[in-house]
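Below: input-v8.cif (mmCIF, C-alpha atoms)
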```
data_data
loop_
_atom_site.label_atom_id
_atom_site.label_comp_id
_atom_site.auth_asym_id
_atom_site.auth_seq_id
_atom_site.Cartn_x
_atom_site.Cartn_y
_atom_site.Cartn_z
CA MET A 1 88.28 73.81 161.18
CA ALA A 2 85.19 74.32 159.06
CA ILE A 3 84.87 76.98 156.39
CA ASN A 4 81.77 79.09 156.57
CA VAL A 5 80.28 80.22 153.28
CA LYS A 6 78.08 83.26 153.37
CA VAL A 7 75.29 83.19 150.80
CA LEU A 8 73.85 86.54 149.76
CA ASP A 9 70.42 86.98 148.31
CA ARG A 10 70.63 89.78 145.76
CA PRO A 11 67.61 91.49 144.27
CA VAL A 12 66.73 90.49 140.72
CA GLU A 13 67.38 94.07 139.51
CA GLN A 14 71.08 93.72 140.29
CA VAL A 15 71.72 90.32 138.70
CA SER A 16 69.44 90.37 135.67
CA TYR A 17 71.52 90.27 132.49
CA VAL A 18 68.42 90.84 130.41
CA ARG A 19 67.73 94.11 132.22
CA ALA A 20 71.33 95.29 131.73
CA THR A 21 71.22 94.37 128.03
CA LEU A 22 67.98 96.27 127.53
CA LYS A 23 69.41 99.32 129.32
CA GLY A 24 72.44 99.25 127.04
CA MET A 25 70.30 98.95 123.93
CA ALA A 26 68.15 101.85 125.12
CA GLN A 27 71.24 104.00 125.53
CA THR A 28 72.38 103.08 122.01
CA PHE A 29 68.95 103.94 120.63
CA LYS A 30 69.07 107.34 122.36
CA HIS A 31 72.35 108.11 120.59
CA LEU A 32 70.90 106.88 117.31
CA VAL A 33 67.96 109.29 117.36
CA ASN A 34 69.74 112.23 119.03
CA ARG A 35 69.42 115.12 116.57
CA GLU A 36 72.34 117.13 117.97
CA LYS A 37 74.88 114.41 117.24
CA ARG A 38 73.32 113.36 113.96
CA HIS A 39 75.57 115.68 111.93
CA GLN A 40 78.80 114.15 113.20
CA VAL A 41 80.58 112.37 110.39
CA THR A 42 83.53 110.05 110.51
CA ILE A 43 86.60 111.43 108.77
CA GLN A 44 87.71 109.24 105.88
CA TYR A 45 91.33 109.05 107.05
CA PRO A 46 93.64 108.46 104.11
CA GLU A 47 91.84 110.98 101.92
CA GLN A 48 90.94 113.49 104.64
CA LYS A 49 93.26 114.43 107.49
CA TRP A 50 92.79 116.22 110.77
CA ASP A 51 93.75 119.88 111.04
CA LEU A 52 96.61 119.77 113.50
CA SER A 53 97.48 122.48 115.97
CA PRO A 54 100.56 124.55 115.06
CA ARG A 55 101.99 123.35 118.38
CA TRP A 56 101.67 119.64 117.52
CA ARG A 57 104.93 117.79 118.15
CA GLY A 58 105.59 114.95 115.74
CA THR A 59 108.60 113.50 113.95
CA HIS A 60 111.84 115.46 113.82
CA ARG A 61 113.31 117.46 110.98
CA MET A 62 116.83 118.82 110.46
CA LEU A 63 116.99 122.19 108.76
CA THR A 64 119.67 122.80 106.15
CA THR A 65 121.76 125.74 104.98
CA GLU A 66 121.61 127.25 101.50
CA THR A 67 124.35 124.85 100.39
CA GLY A 68 122.33 121.81 101.48
CA LYS A 69 124.37 120.94 104.58
CA ALA A 70 122.82 120.41 107.99
CA LYS A 71 122.70 123.49 110.20
CA CYS A 72 123.84 121.35 113.14
CA VAL A 73 127.22 122.30 114.64
CA ALA A 74 127.42 119.16 116.83
CA CYS A 75 127.47 121.12 120.08
CA GLY A 76 126.06 118.16 122.01
CA LEU A 77 123.27 120.03 123.79
CA CYS A 78 120.39 118.01 122.31
CA PRO A 79 121.61 114.57 123.50
CA THR A 80 122.47 116.10 126.86
CA VAL A 81 119.02 117.58 127.47
CA CYS A 82 117.02 114.66 125.99
CA PRO A 83 115.12 112.90 128.83
CA ALA A 84 114.54 109.75 126.76
CA ASN A 85 118.20 109.48 125.71
CA CYS A 86 117.15 108.85 122.12
CA ILE A 87 119.64 111.13 120.31
CA LYS A 88 123.02 109.80 119.25
CA LEU A 89 125.57 112.43 118.18
CA VAL A 90 129.20 111.96 117.15
CA PRO A 91 130.88 115.32 116.41
CA GLY A 92 133.48 115.91 113.74
CA GLU A 93 135.60 118.82 112.52
CA ASP A 94 136.75 119.79 109.04
CA GLU A 95 140.02 121.46 107.94
CA GLN A 96 138.68 124.98 108.54
CA GLY A 97 137.72 124.13 112.13
CA ASN A 98 133.96 123.96 111.50
CA ARG A 99 132.14 121.39 113.58
CA TYR A 100 129.58 119.09 112.02
CA PRO A 101 127.90 115.82 113.02
CA LEU A 102 129.57 112.65 111.78
CA VAL A 103 126.67 110.62 113.15
CA PHE A 104 123.33 112.11 114.13
CA GLU A 105 120.52 109.66 114.85
CA ILE A 106 117.18 110.03 116.60
CA ASP A 107 115.30 106.94 117.72
CA GLU A 108 111.72 108.07 117.09
CA PHE A 109 110.42 104.89 118.72
CA ARG A 110 112.04 105.88 121.99
CA CYS A 111 111.41 109.64 121.73
CA ILE A 112 108.72 111.21 123.92
CA PHE A 113 108.38 114.27 121.63
CA CYS A 114 108.97 116.77 124.40
CA GLY A 115 110.62 119.36 122.13
CA TYR A 116 113.59 120.00 124.43
CA CYS A 117 116.02 119.37 121.56
CA GLN A 118 114.36 122.13 119.56
CA GLU A 119 114.37 124.54 122.48
CA VAL A 120 118.02 124.01 123.39
CA CYS A 121 119.50 124.11 119.87
CA PRO A 122 121.58 127.31 119.48
CA GLU A 123 121.57 127.09 115.67
CA GLU A 124 117.86 126.17 115.41
CA ALA A 125 118.89 123.15 113.38
CA ILE A 126 116.69 120.40 114.82
CA HIS A 127 112.95 120.90 114.92
CA VAL A 128 109.98 118.83 115.97
CA GLY A 129 107.69 118.70 112.97
CA ARG A 130 103.94 118.57 112.54
CA HIS A 131 103.91 115.05 111.12
CA TYR A 132 102.22 112.07 112.72
CA GLU A 133 102.26 109.34 110.09
CA ASN A 134 105.42 107.53 111.07
CA ALA A 135 104.52 103.85 111.03
CA GLU A 136 107.27 101.37 110.15
CA TYR A 137 107.53 97.61 109.85
CA SER A 138 110.62 97.30 112.02
CA ARG A 139 112.29 99.12 114.88
CA ASP A 140 115.26 99.90 112.67
CA GLY A 141 113.00 101.98 110.44
CA MET A 142 112.22 104.27 113.38
CA VAL A 143 115.86 105.35 113.72
CA TYR A 144 116.19 108.53 111.68
CA ASP A 145 119.74 109.27 110.53
CA LEU A 146 121.03 112.65 109.37
CA GLU A 147 120.13 112.13 105.71
CA ARG A 148 116.58 111.10 106.55
CA LEU A 149 116.16 114.02 108.96
CA MET A 150 117.31 116.47 106.29
CA ALA A 151 114.97 114.89 103.71
CA GLN A 152 111.88 115.61 105.83
CA THR A 153 109.73 118.35 104.29
CA HIS A 154 106.80 118.62 106.70
CA PRO A 155 106.20 121.94 108.49
CA VAL A 156 107.88 122.48 111.83
CA SER A 157 106.11 122.91 115.15
CA ASP A 158 105.67 126.20 116.96
CA LEU A 159 106.38 125.26 120.56
CA TRP A 160 105.15 128.67 121.70
CA ASP A 161 103.18 131.47 120.15
CA PRO A 162 105.43 134.51 119.53
CA ALA A 163 102.39 136.81 119.69
CA ASP A 164 101.61 135.70 123.25
CA PRO A 165 103.99 137.42 125.73
CA LYS A 166 103.02 134.98 128.50
CA GLY A 167 103.86 131.99 126.32
CA GLU A 168 107.65 132.42 126.37
#
```
Rewrite the structure of this file - the entire thing - as structure tokens.
Amino acid sequence: MAINVKVLDRPVEQVSYVRATLKGMAQTFKHLVNREKRHQVTIQYPEQKWDLSPRWRGTHRMLTTETGKAKCVACGLCPTVCPANCIKLVPGEDEQGNRYPLVFEIDEFRCIFCGYCQEVCPEEAIHVGRHYENAEYSRDGMVYDLERLMAQTHPVSDLWDPADPKGE
């Protein structure tokens, strides 16, 4: 059985690489001389930073009490509601019957930054912060333990605007 090969004759306008290159260079030249976009400047990143929205969800932060202890009462709601299953919580109890976390870890590499942990927390202990510079050299560095979460000082995120009644 013979194989038939169909040969198409295409117009030169469709296959000319020179024509496509010249069209691309013309488009670049248009952007070069466009006066409206001339005033756009690249932000010099380490020195200048973007103004983030108050609702930006970045790395987590554990709020503390006046005595310096974590506000977390180890209720277990945050690992239960977390869709990425990135929160590890082991509860403990002291002599007075107060609950506290023995182990509290958040795997920021696995987290999807949804903010459910902040919304469900009855003590308002865990918050999603407005911090986006969280690069590490290893995966182990992306696991934030309780001490590291309490040491975070960046501002926390406003998941909704209290002034907007429709936002609740």
Legend entry - A:Val33, A:Lys88, A:Phe113, A:Glu108 ranked by distance to A:Ser138, top pick (using all atoms listed in the file):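 Comparing A:Val33, A:Lys88, A:Phe113, A:Glu108 against A:Ser138, the winner is A:Glu108.
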Inset, instruction - Considering all atoms listed in the file, return as a PyMOL selection string whatever protein or nucleic-acid residues lie within 10 Å of A:Arg110, sequence-local ones (same chain, fewer than 2 positions apart) excluded. - result: chain A and resi 84-87+106-108+112-113+139+142-143
Legend entry - Answer key for the PyMOL selection byres ((chain A and resi 63) around 7), residues as JSON, numbers by chain: {"A": [61, 62, 64, 70, 71, 125, 126, 150]}
Inset, instruction - Grab the atom CA of A:Cys75 to atom CA of A:Glu93 distance for me, in Å with one decimal place. - result: 11.3 Å
Inset, instruction - Find the distance between atom CA of A:Val15 and atom CA of A:Lys30 and write it in Å to one decimal. - result: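 Computing the Euclidean distance for atom CA of A:Val15 and atom CA of A:Lys30 yields 23.7 Å.
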Inset, instruction - Would you kindly translate the PyMOL selection byres ((chain A and resi 155) around 6) into the concrete residues it picks from this file, as a PyMOL selection string? - result: chain A and resi 129-130+154+156
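Across A:Met25, A:Cys117, A:Phe109, A:Pro54, the tightest approach to A:Tyr137 is made by A:Phe109 when counting only C-alpha atoms.
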Legend entry - A:Val103 surroundings by all atoms listed in the file, 9 Å radius, close-in-sequence under 3 positions cut, as a VMD selection string: chain A and resid 88 to 92 145 to 146
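Residues captured in this structure file are Trp50, Asp51, Leu52, Pro54, Arg55, Trp56, Arg57, Gly58, Gly129, Arg130, His131, Tyr132, Pro155, Val156, Ser157, Asp158, Leu159, Trp160 and Asp161 of chain A, according to the PyMOL selection byres ((chain A and resi 53) around 12).
Take the candidates A:Leu22, A:Val128, A:Ala135, A:Ala2 and check each one against A:Thr153 using only C-alpha atoms; the shortest distance goes to A:Val128.
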Give me stretch 105-118 of chain A from this structure - all heavy atoms, as a PDB file, in the first residue's frame.
```
ATOM      1  N   GLU A 105       3.600  23.367  63.585  1.00  0.00           N
ATOM      2  CA  GLU A 105       4.430  23.596  62.401  1.00  0.00           C
ATOM      3  C   GLU A 105       3.537  23.866  61.201  1.00  0.00           C
ATOM      4  O   GLU A 105       2.493  23.235  61.039  1.00  0.00           O
ATOM      5  CB  GLU A 105       5.310  22.380  62.096  1.00  0.00           C
ATOM      6  CG  GLU A 105       6.358  22.106  63.132  1.00  0.00           C
ATOM      7  CD  GLU A 105       7.176  20.860  62.812  1.00  0.00           C
ATOM      8  OE1 GLU A 105       6.762  20.069  61.937  1.00  0.00           O
ATOM      9  OE2 GLU A 105       8.214  20.680  63.452  1.00  0.00           O
ATOM     10  N   ILE A 106       3.973  24.794  60.374  1.00  0.00           N
ATOM     11  CA  ILE A 106       3.295  25.086  59.108  1.00  0.00           C
ATOM     12  C   ILE A 106       4.314  24.925  57.996  1.00  0.00           C
ATOM     13  O   ILE A 106       5.371  25.557  58.022  1.00  0.00           O
ATOM     14  CB  ILE A 106       2.698  26.500  59.071  1.00  0.00           C
ATOM     15  CG1 ILE A 106       1.628  26.647  60.151  1.00  0.00           C
ATOM     16  CG2 ILE A 106       2.105  26.795  57.702  1.00  0.00           C
ATOM     17  CD1 ILE A 106       0.981  27.999  60.194  1.00  0.00           C
ATOM     18  N   ASP A 107       3.993  24.068  57.036  1.00  0.00           N
ATOM     19  CA  ASP A 107       4.856  23.878  55.878  1.00  0.00           C
ATOM     20  C   ASP A 107       4.471  24.931  54.837  1.00  0.00           C
ATOM     21  O   ASP A 107       3.509  24.771  54.099  1.00  0.00           O
ATOM     22  CB  ASP A 107       4.690  22.471  55.318  1.00  0.00           C
ATOM     23  CG  ASP A 107       5.697  22.128  54.243  1.00  0.00           C
ATOM     24  OD1 ASP A 107       6.487  23.029  53.869  1.00  0.00           O
ATOM     25  OD2 ASP A 107       5.711  20.976  53.781  1.00  0.00           O
ATOM     26  N   GLU A 108       5.218  26.027  54.815  1.00  0.00           N
ATOM     27  CA  GLU A 108       4.907  27.137  53.908  1.00  0.00           C
ATOM     28  C   GLU A 108       5.098  26.743  52.446  1.00  0.00           C
ATOM     29  O   GLU A 108       4.520  27.362  51.556  1.00  0.00           O
ATOM     30  CB  GLU A 108       5.787  28.347  54.226  1.00  0.00           C
ATOM     31  CG  GLU A 108       5.587  28.917  55.604  1.00  0.00           C
ATOM     32  CD  GLU A 108       4.338  29.757  55.734  1.00  0.00           C
ATOM     33  OE1 GLU A 108       3.824  30.238  54.718  1.00  0.00           O
ATOM     34  OE2 GLU A 108       3.876  29.927  56.869  1.00  0.00           O
ATOM     35  N   PHE A 109       5.902  25.725  52.195  1.00  0.00           N
ATOM     36  CA  PHE A 109       6.108  25.266  50.827  1.00  0.00           C
ATOM     37  C   PHE A 109       4.852  24.578  50.298  1.00  0.00           C
ATOM     38  O   PHE A 109       4.564  24.623  49.112  1.00  0.00           O
ATOM     39  CB  PHE A 109       7.306  24.311  50.787  1.00  0.00           C
ATOM     40  CG  PHE A 109       7.820  24.041  49.413  1.00  0.00           C
ATOM     41  CD1 PHE A 109       8.485  25.023  48.708  1.00  0.00           C
ATOM     42  CD2 PHE A 109       7.642  22.811  48.817  1.00  0.00           C
ATOM     43  CE1 PHE A 109       8.952  24.782  47.442  1.00  0.00           C
ATOM     44  CE2 PHE A 109       8.107  22.561  47.555  1.00  0.00           C
ATOM     45  CZ  PHE A 109       8.766  23.543  46.870  1.00  0.00           C
ATOM     46  N   ARG A 110       4.115  23.959  51.187  1.00  0.00           N
ATOM     47  CA  ARG A 110       2.916  23.235  50.794  1.00  0.00           C
ATOM     48  C   ARG A 110       1.656  24.090  50.891  1.00  0.00           C
ATOM     49  O   ARG A 110       0.643  23.804  50.273  1.00  0.00           O
ATOM     50  CB  ARG A 110       2.786  22.018  51.706  1.00  0.00           C
ATOM     51  CG  ARG A 110       1.777  21.042  51.278  1.00  0.00           C
ATOM     52  CD  ARG A 110       1.882  19.778  52.088  1.00  0.00           C
ATOM     53  NE  ARG A 110       0.942  18.815  51.597  1.00  0.00           N
ATOM     54  CZ  ARG A 110       0.765  17.634  52.106  1.00  0.00           C
ATOM     55  NH1 ARG A 110       1.484  17.261  53.132  1.00  0.00           N
ATOM     56  NH2 ARG A 110      -0.123  16.821  51.616  1.00  0.00           N
ATOM     57  N   CYS A 111       1.714  25.158  51.676  1.00  0.00           N
ATOM     58  CA  CYS A 111       0.555  26.010  51.941  1.00  0.00           C
ATOM     59  C   CYS A 111       0.076  26.708  50.664  1.00  0.00           C
ATOM     60  O   CYS A 111       0.880  27.105  49.824  1.00  0.00           O
ATOM     61  CB  CYS A 111       0.934  27.055  52.989  1.00  0.00           C
ATOM     62  SG  CYS A 111      -0.420  28.150  53.429  1.00  0.00           S
ATOM     63  N   ILE A 112      -1.233  26.868  50.542  1.00  0.00           N
ATOM     64  CA  ILE A 112      -1.800  27.581  49.398  1.00  0.00           C
ATOM     65  C   ILE A 112      -2.246  28.990  49.781  1.00  0.00           C
ATOM     66  O   ILE A 112      -2.844  29.694  48.971  1.00  0.00           O
ATOM     67  CB  ILE A 112      -2.972  26.796  48.768  1.00  0.00           C
ATOM     68  CG1 ILE A 112      -4.090  26.579  49.786  1.00  0.00           C
ATOM     69  CG2 ILE A 112      -2.493  25.483  48.203  1.00  0.00           C
ATOM     70  CD1 ILE A 112      -5.346  25.975  49.193  1.00  0.00           C
ATOM     71  N   PHE A 113      -1.985  29.396  51.018  1.00  0.00           N
ATOM     72  CA  PHE A 113      -2.262  30.751  51.511  1.00  0.00           C
ATOM     73  C   PHE A 113      -3.722  31.149  51.305  1.00  0.00           C
ATOM     74  O   PHE A 113      -4.022  32.228  50.822  1.00  0.00           O
ATOM     75  CB  PHE A 113      -1.312  31.765  50.865  1.00  0.00           C
ATOM     76  CG  PHE A 113       0.129  31.432  51.100  1.00  0.00           C
ATOM     77  CD1 PHE A 113       0.894  30.844  50.104  1.00  0.00           C
ATOM     78  CD2 PHE A 113       0.705  31.688  52.317  1.00  0.00           C
ATOM     79  CE1 PHE A 113       2.212  30.521  50.331  1.00  0.00           C
ATOM     80  CE2 PHE A 113       2.029  31.374  52.555  1.00  0.00           C
ATOM     81  CZ  PHE A 113       2.784  30.788  51.555  1.00  0.00           C
ATOM     82  N   CYS A 114      -4.601  30.258  51.702  1.00  0.00           N
ATOM     83  CA  CYS A 114      -6.033  30.521  51.554  1.00  0.00           C
ATOM     84  C   CYS A 114      -6.576  31.381  52.687  1.00  0.00           C
ATOM     85  O   CYS A 114      -7.574  32.082  52.521  1.00  0.00           O
ATOM     86  CB  CYS A 114      -6.808  29.212  51.488  1.00  0.00           C
ATOM     87  SG  CYS A 114      -6.639  28.191  52.965  1.00  0.00           S
ATOM     88  N   GLY A 115      -5.952  31.334  53.862  1.00  0.00           N
ATOM     89  CA  GLY A 115      -6.403  32.127  54.994  1.00  0.00           C
ATOM     90  C   GLY A 115      -7.465  31.458  55.834  1.00  0.00           C
ATOM     91  O   GLY A 115      -7.993  32.076  56.760  1.00  0.00           O
ATOM     92  N   TYR A 116      -7.798  30.188  55.560  1.00  0.00           N
ATOM     93  CA  TYR A 116      -8.807  29.498  56.359  1.00  0.00           C
ATOM     94  C   TYR A 116      -8.373  29.351  57.811  1.00  0.00           C
ATOM     95  O   TYR A 116      -9.194  29.427  58.711  1.00  0.00           O
ATOM     96  CB  TYR A 116      -9.105  28.117  55.786  1.00  0.00           C
ATOM     97  CG  TYR A 116      -9.882  28.114  54.495  1.00  0.00           C
ATOM     98  CD1 TYR A 116     -10.069  26.946  53.783  1.00  0.00           C
ATOM     99  CD2 TYR A 116     -10.436  29.273  53.977  1.00  0.00           C
ATOM    100  CE1 TYR A 116     -10.771  26.922  52.602  1.00  0.00           C
ATOM    101  CE2 TYR A 116     -11.141  29.270  52.799  1.00  0.00           C
ATOM    102  CZ  TYR A 116     -11.313  28.080  52.119  1.00  0.00           C
ATOM    103  OH  TYR A 116     -12.010  28.058  50.956  1.00  0.00           O
ATOM    104  N   CYS A 117      -7.082  29.138  58.046  1.00  0.00           N
ATOM    105  CA  CYS A 117      -6.594  28.982  59.419  1.00  0.00           C
ATOM    106  C   CYS A 117      -6.836  30.263  60.211  1.00  0.00           C
ATOM    107  O   CYS A 117      -7.201  30.219  61.385  1.00  0.00           O
ATOM    108  CB  CYS A 117      -5.116  28.602  59.418  1.00  0.00           C
ATOM    109  SG  CYS A 117      -4.060  29.730  58.506  1.00  0.00           S
ATOM    110  N   GLN A 118      -6.669  31.402  59.593  1.00  0.00           N
ATOM    111  CA  GLN A 118      -6.913  32.674  60.263  1.00  0.00           C
ATOM    112  C   GLN A 118      -8.399  32.868  60.527  1.00  0.00           C
ATOM    113  O   GLN A 118      -8.794  33.359  61.586  1.00  0.00           O
ATOM    114  CB  GLN A 118      -6.379  33.821  59.425  1.00  0.00           C
ATOM    115  CG  GLN A 118      -6.612  35.190  60.036  1.00  0.00           C
ATOM    116  CD  GLN A 118      -5.993  36.307  59.221  1.00  0.00           C
ATOM    117  OE1 GLN A 118      -5.163  36.075  58.368  1.00  0.00           O
ATOM    118  NE2 GLN A 118      -6.404  37.525  59.491  1.00  0.00           N
TER     119      GLN A 118
END
```
